[in-house]
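Chemist: Pasting a structure here, questions to come.
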Amino acid sequence: PADRDERWCSPKTQKFSLDSTANMGKNISKEQMSEYKEAIRGKFDEKEIKHMYKLFHKAAPSGKMGKKEFKKYIEDLAIFKKVDAQESYDQLFRGYDRDRDGTITFKEYLQYHLGIVFSTDELFDIVFAMYDADGNGYITRDELVEVVSNSTRWMGDCDVESKDVQDLIQAEVDKIVGFCDTNKDGTISKEEMIAAAEKHPEILEKLKNLA
C-alpha cells in the first residue's frame with residue numbers, strides 16, 4: 001500500500017513518526033540482507049528493511065531487544081494515551097518474540113511486521129502468542145479478558161474500571177469464545193482457532209485489533 005511506510009514498526013500498525021537517519025542501516029551485509037529478504041519473502045524492499053533496521057537498533061544497539069528495551073521502544077512511539085509507569089507490554093512482546101526466549105531479534109521484528117502489515121501466515125502465530133500468556137497452547141477466557149482490557153486501557157478512550165466498559169469487554173470475549181471454542185471446554189486451542197480463521201479470516205484481524 002502507498003501508506004505502508006507510515007504503518008510499520010508500530011505494535012498494531014498505528015501511525016507514528018521518528019527521526020530518520022538516511023545512512024543508518026548501511027552496515028547490513030549482503031548476506032544479511034539476503035537473509036532478511038528471504039524471511040519477509042520480498043514484501044519489503046531494501047530501503048524499507050534499512051529503515052526498520054535503524055528503528056530496531058536505535059532501541060536495541062546490541063541486536064537483541066529485551067523487555068526493558070522493548071518498553072522504551074513502545075513508549076518512544078507515543079501511540080498509547082494512558083500507560084502505567086510499571087507497564088511492560090507483555091502481550092505485545094509475546095507477539096514479536098516468536099521463540100519465547102525473552103528477546104526479540106531483528107529477524108523476529110521483521111516477521112512481526114510482515115504478519116501485521118500483510119496478514120501473512122505469520123499473523124496467526126503472532127495473534128495466538130499475544131493472547132496465550134502462559135504459552136501452553138490454549139487461550140483461556142481470563143487471558144482474553146486481560147489482553148483486551150490492557151489494550152483498551154492503553155488507548156485511553158475508555159475507563160476500563162467502569163462497569164459499562166467491563167461488561168462490553170466481557171461481551172466481546174463471550175463472542176470470541178462462543179465462535180472459536182467448538183468443543184466447549186472453555187479454552188481455545190490452536191486447532192480451534194485455525195478452523196475458525198479458515199472459515200472466517202476476519203477473526204484474526206479482529207483479535208489483532210483487540211490486542
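Residues are referred to by chain and number: the chain letter is A, B, ... according to the order shown in the C-alpha cells, the number counts from 1 in that chain, and ligands are numbered separately from 1 in the order shown.
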Could you list, with a cut-off of 9 Å and counting only C-alpha atoms, the residues of region 114-140 of chain A near region 144-165 of chain A, each shown with its nearest atom pair and the distance in Å rounded to one decimal, rows sorted by chain and ascending number, as a tab-separated table?

Modeler:
```
residue	atom	partner	partner_atom	distance
A:Met130	CA	A:Val147	CA	7.7
A:Tyr131	CA	A:Leu144	CA	6.1
A:Asp132	CA	A:Leu144	CA	8.4
A:Ala133	CA	A:Val147	CA	8.9
A:Ile139	CA	A:Leu144	CA	7.0
A:Thr140	CA	A:Leu144	CA	6.4
```

Chemist: Between CA of Val127 (chain A) and CA of Glu205 (chain A), what is the spacing in Å?

Modeler: 8.8 Å

Chemist: Determine, counting only C-alpha atoms, which protein, DNA and RNA residues have an atom within 9 Å of an atom of region 87-90 of chain A; residues of the same chain fewer than 3 positions away are not included. Present the result as a compact mmCIF listing (two decimals) with N, CA and C atoms, in the first residue's frame.

Modeler:
```
# COMPACT_ATOMS: atom_id res chain seq x y z
N LYS A 67 12.99 -7.04 27.31
CA LYS A 67 11.75 -6.38 27.73
C LYS A 67 11.98 -4.91 28.11
N LYS A 68 13.14 -4.62 28.68
CA LYS A 68 13.45 -3.24 29.05
C LYS A 68 13.57 -2.37 27.80
N PHE A 70 12.33 -3.07 24.88
CA PHE A 70 11.03 -3.09 24.21
C PHE A 70 10.09 -2.04 24.82
N LYS A 71 10.11 -1.94 26.13
CA LYS A 71 9.27 -0.96 26.81
C LYS A 71 9.61 0.46 26.34
N ILE A 74 8.39 0.96 22.69
CA ILE A 74 6.95 1.22 22.61
C ILE A 74 6.62 2.63 23.09
N VAL A 83 -0.71 4.99 29.95
CA VAL A 83 0.12 3.85 30.33
C VAL A 83 0.64 4.06 31.75
N ASP A 84 0.79 2.96 32.44
CA ASP A 84 1.35 2.97 33.80
C ASP A 84 2.87 2.92 33.70
N PHE A 93 4.95 -7.87 23.48
CA PHE A 93 6.27 -8.52 23.42
C PHE A 93 6.14 -9.96 22.94
N ARG A 94 5.12 -10.66 23.43
CA ARG A 94 4.92 -12.05 23.01
C ARG A 94 4.68 -12.16 21.51
N GLY A 95 4.03 -11.16 20.93
CA GLY A 95 3.77 -11.18 19.50
C GLY A 95 5.04 -11.11 18.67
N MET A 130 0.05 -13.49 21.44
CA MET A 130 -0.33 -12.32 22.23
C MET A 130 -1.35 -12.68 23.30
N ALA A 133 -0.91 -16.24 27.23
CA ALA A 133 0.07 -15.65 28.16
C ALA A 133 1.03 -16.68 28.75
N ASN A 150 -6.17 -4.62 28.77
CA ASN A 150 -4.93 -3.86 28.67
C ASN A 150 -4.95 -2.93 27.46
```

Chemist: What's the separation between CA of Leu55 (chain A) and CA of Phe128 (chain A), in Å to one decimal place?

Modeler: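 Interatomic distance, CA of Leu55 (chain A) to CA of Phe128 (chain A): 25.2 Å.
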
Chemist: Using only C-alpha atoms, what table do you get, as JSON lines, when you list each residue of region 54-88 of chain A with an atom no more than 12 Å from region 109-120 of chain A, its nearest pair of atoms, and their distance in Å rounded to one decimal, rows by chain then rising number?

Modeler:
```
{"residue": "A:Lys54", "atom": "CA", "partner": "A:Tyr109", "partner_atom": "CA", "distance": 11.9}
{"residue": "A:Leu55", "atom": "CA", "partner": "A:Tyr109", "partner_atom": "CA", "distance": 10.3}
{"residue": "A:Phe56", "atom": "CA", "partner": "A:Tyr109", "partner_atom": "CA", "distance": 7.8}
{"residue": "A:His57", "atom": "CA", "partner": "A:Tyr109", "partner_atom": "CA", "distance": 10.8}
{"residue": "A:Ala59", "atom": "CA", "partner": "A:Tyr109", "partner_atom": "CA", "distance": 11.9}
{"residue": "A:Ala60", "atom": "CA", "partner": "A:Tyr109", "partner_atom": "CA", "distance": 11.3}
{"residue": "A:Gly63", "atom": "CA", "partner": "A:Tyr109", "partner_atom": "CA", "distance": 10.8}
{"residue": "A:Lys64", "atom": "CA", "partner": "A:Tyr109", "partner_atom": "CA", "distance": 10.0}
{"residue": "A:Met65", "atom": "CA", "partner": "A:Tyr109", "partner_atom": "CA", "distance": 9.4}
{"residue": "A:Phe70", "atom": "CA", "partner": "A:Tyr109", "partner_atom": "CA", "distance": 11.0}
```

Chemist: Let me see the file: selected residues, C-alpha atoms, as a PDB file, in the first residue's frame.

Modeler:
```
ATOM      1  CA  LYS A  54      17.527   1.693  12.032  1.00  0.00           C
ATOM      2  CA  LEU A  55      14.460   1.765  14.278  1.00  0.00           C
ATOM      3  CA  PHE A  56      15.228  -1.622  15.769  1.00  0.00           C
ATOM      4  CA  HIS A  57      18.880  -0.887  16.514  1.00  0.00           C
ATOM      5  CA  ALA A  59      16.114   0.679  20.611  1.00  0.00           C
ATOM      6  CA  ALA A  60      18.402  -2.365  20.767  1.00  0.00           C
ATOM      7  CA  GLY A  63      20.976  -6.543  18.188  1.00  0.00           C
ATOM      8  CA  LYS A  64      18.662  -8.178  20.719  1.00  0.00           C
ATOM      9  CA  MET A  65      15.691  -6.415  22.279  1.00  0.00           C
ATOM     10  CA  PHE A  70      11.033  -3.087  24.211  1.00  0.00           C
TER      11      PHE A  70
END
```

Chemist: What is the CA of Arg141 (chain A) to CA of Ser189 (chain A) distance in Å?

Modeler: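 Atom-to-atom, CA of Arg141 (chain A) to CA of Ser189 (chain A), that is 11.9 Å.
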
Chemist: Nearest to Lys208 (chain A) among A:Asp185, A:Asp125, A:Glu35, A:Glu75, with distances taken over only C-alpha atoms: which residue is it?

Modeler: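 With only C-alpha atoms as the atom set, the closest residue is A:Asp125.
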
Chemist: Would you please extract all alpha helix (DSSP H) residues from chain A, as assigned by DSSP on the backbone, and give them as number ranges by chain?

Modeler: A: 30-39, 46-59, 67-77, 90-96, 106-118, 122-131, 141-155, 163-180, 190-199, 202-210

Chemist: Quick check for you: according to DSSP on this backbone, which residues of region 40-195 of chain A are classed as strand (DSSP E)? Reply as number ranges by chain.

Modeler: A: 64-65, 104-105, 138-140, 187-189

Chemist: How would the residues just chosen look if you wrote them out with N, CA and C atoms as a PDB file, in the first residue's frame?

Modeler:
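Dumped everything to selection25.pdb:
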```pdb
ATOM      1  N   LYS A  64      19.719  -7.404  20.074  1.00  0.00           N
ATOM      2  CA  LYS A  64      18.662  -8.178  20.719  1.00  0.00           C
ATOM      3  C   LYS A  64      17.872  -7.250  21.635  1.00  0.00           C
ATOM      4  N   MET A  65      16.553  -7.295  21.512  1.00  0.00           N
ATOM      5  CA  MET A  65      15.691  -6.415  22.279  1.00  0.00           C
ATOM      6  C   MET A  65      15.037  -7.193  23.414  1.00  0.00           C
ATOM      7  N   ILE A 104      13.976 -10.248  21.435  1.00  0.00           N
ATOM      8  CA  ILE A 104      13.492 -10.104  20.066  1.00  0.00           C
ATOM      9  C   ILE A 104      14.687  -9.823  19.168  1.00  0.00           C
ATOM     10  N   THR A 105      14.864 -10.644  18.155  1.00  0.00           N
ATOM     11  CA  THR A 105      15.920 -10.402  17.170  1.00  0.00           C
ATOM     12  C   THR A 105      15.356  -9.550  16.042  1.00  0.00           C
ATOM     13  N   TYR A 138      -3.067 -22.929  24.675  1.00  0.00           N
ATOM     14  CA  TYR A 138      -4.507 -22.698  24.804  1.00  0.00           C
ATOM     15  C   TYR A 138      -4.747 -21.266  25.287  1.00  0.00           C
ATOM     16  N   ILE A 139      -5.816 -20.673  24.803  1.00  0.00           N
ATOM     17  CA  ILE A 139      -6.201 -19.329  25.251  1.00  0.00           C
ATOM     18  C   ILE A 139      -7.437 -19.461  26.135  1.00  0.00           C
ATOM     19  N   THR A 140      -7.330 -18.969  27.358  1.00  0.00           N
ATOM     20  CA  THR A 140      -8.449 -19.031  28.288  1.00  0.00           C
ATOM     21  C   THR A 140      -9.265 -17.745  28.233  1.00  0.00           C
ATOM     22  N   THR A 187     -11.700 -23.179  26.676  1.00  0.00           N
ATOM     23  CA  THR A 187     -10.434 -22.662  26.164  1.00  0.00           C
ATOM     24  C   THR A 187     -10.439 -22.740  24.642  1.00  0.00           C
ATOM     25  N   ILE A 188      -9.516 -21.982  24.027  1.00  0.00           N
ATOM     26  CA  ILE A 188      -9.370 -22.003  22.571  1.00  0.00           C
ATOM     27  C   ILE A 188      -8.007 -22.583  22.237  1.00  0.00           C
ATOM     28  N   SER A 189      -8.001 -23.711  21.543  1.00  0.00           N
ATOM     29  CA  SER A 189      -6.741 -24.329  21.136  1.00  0.00           C
ATOM     30  C   SER A 189      -6.295 -23.748  19.806  1.00  0.00           C
TER      31      SER A 189
END
```
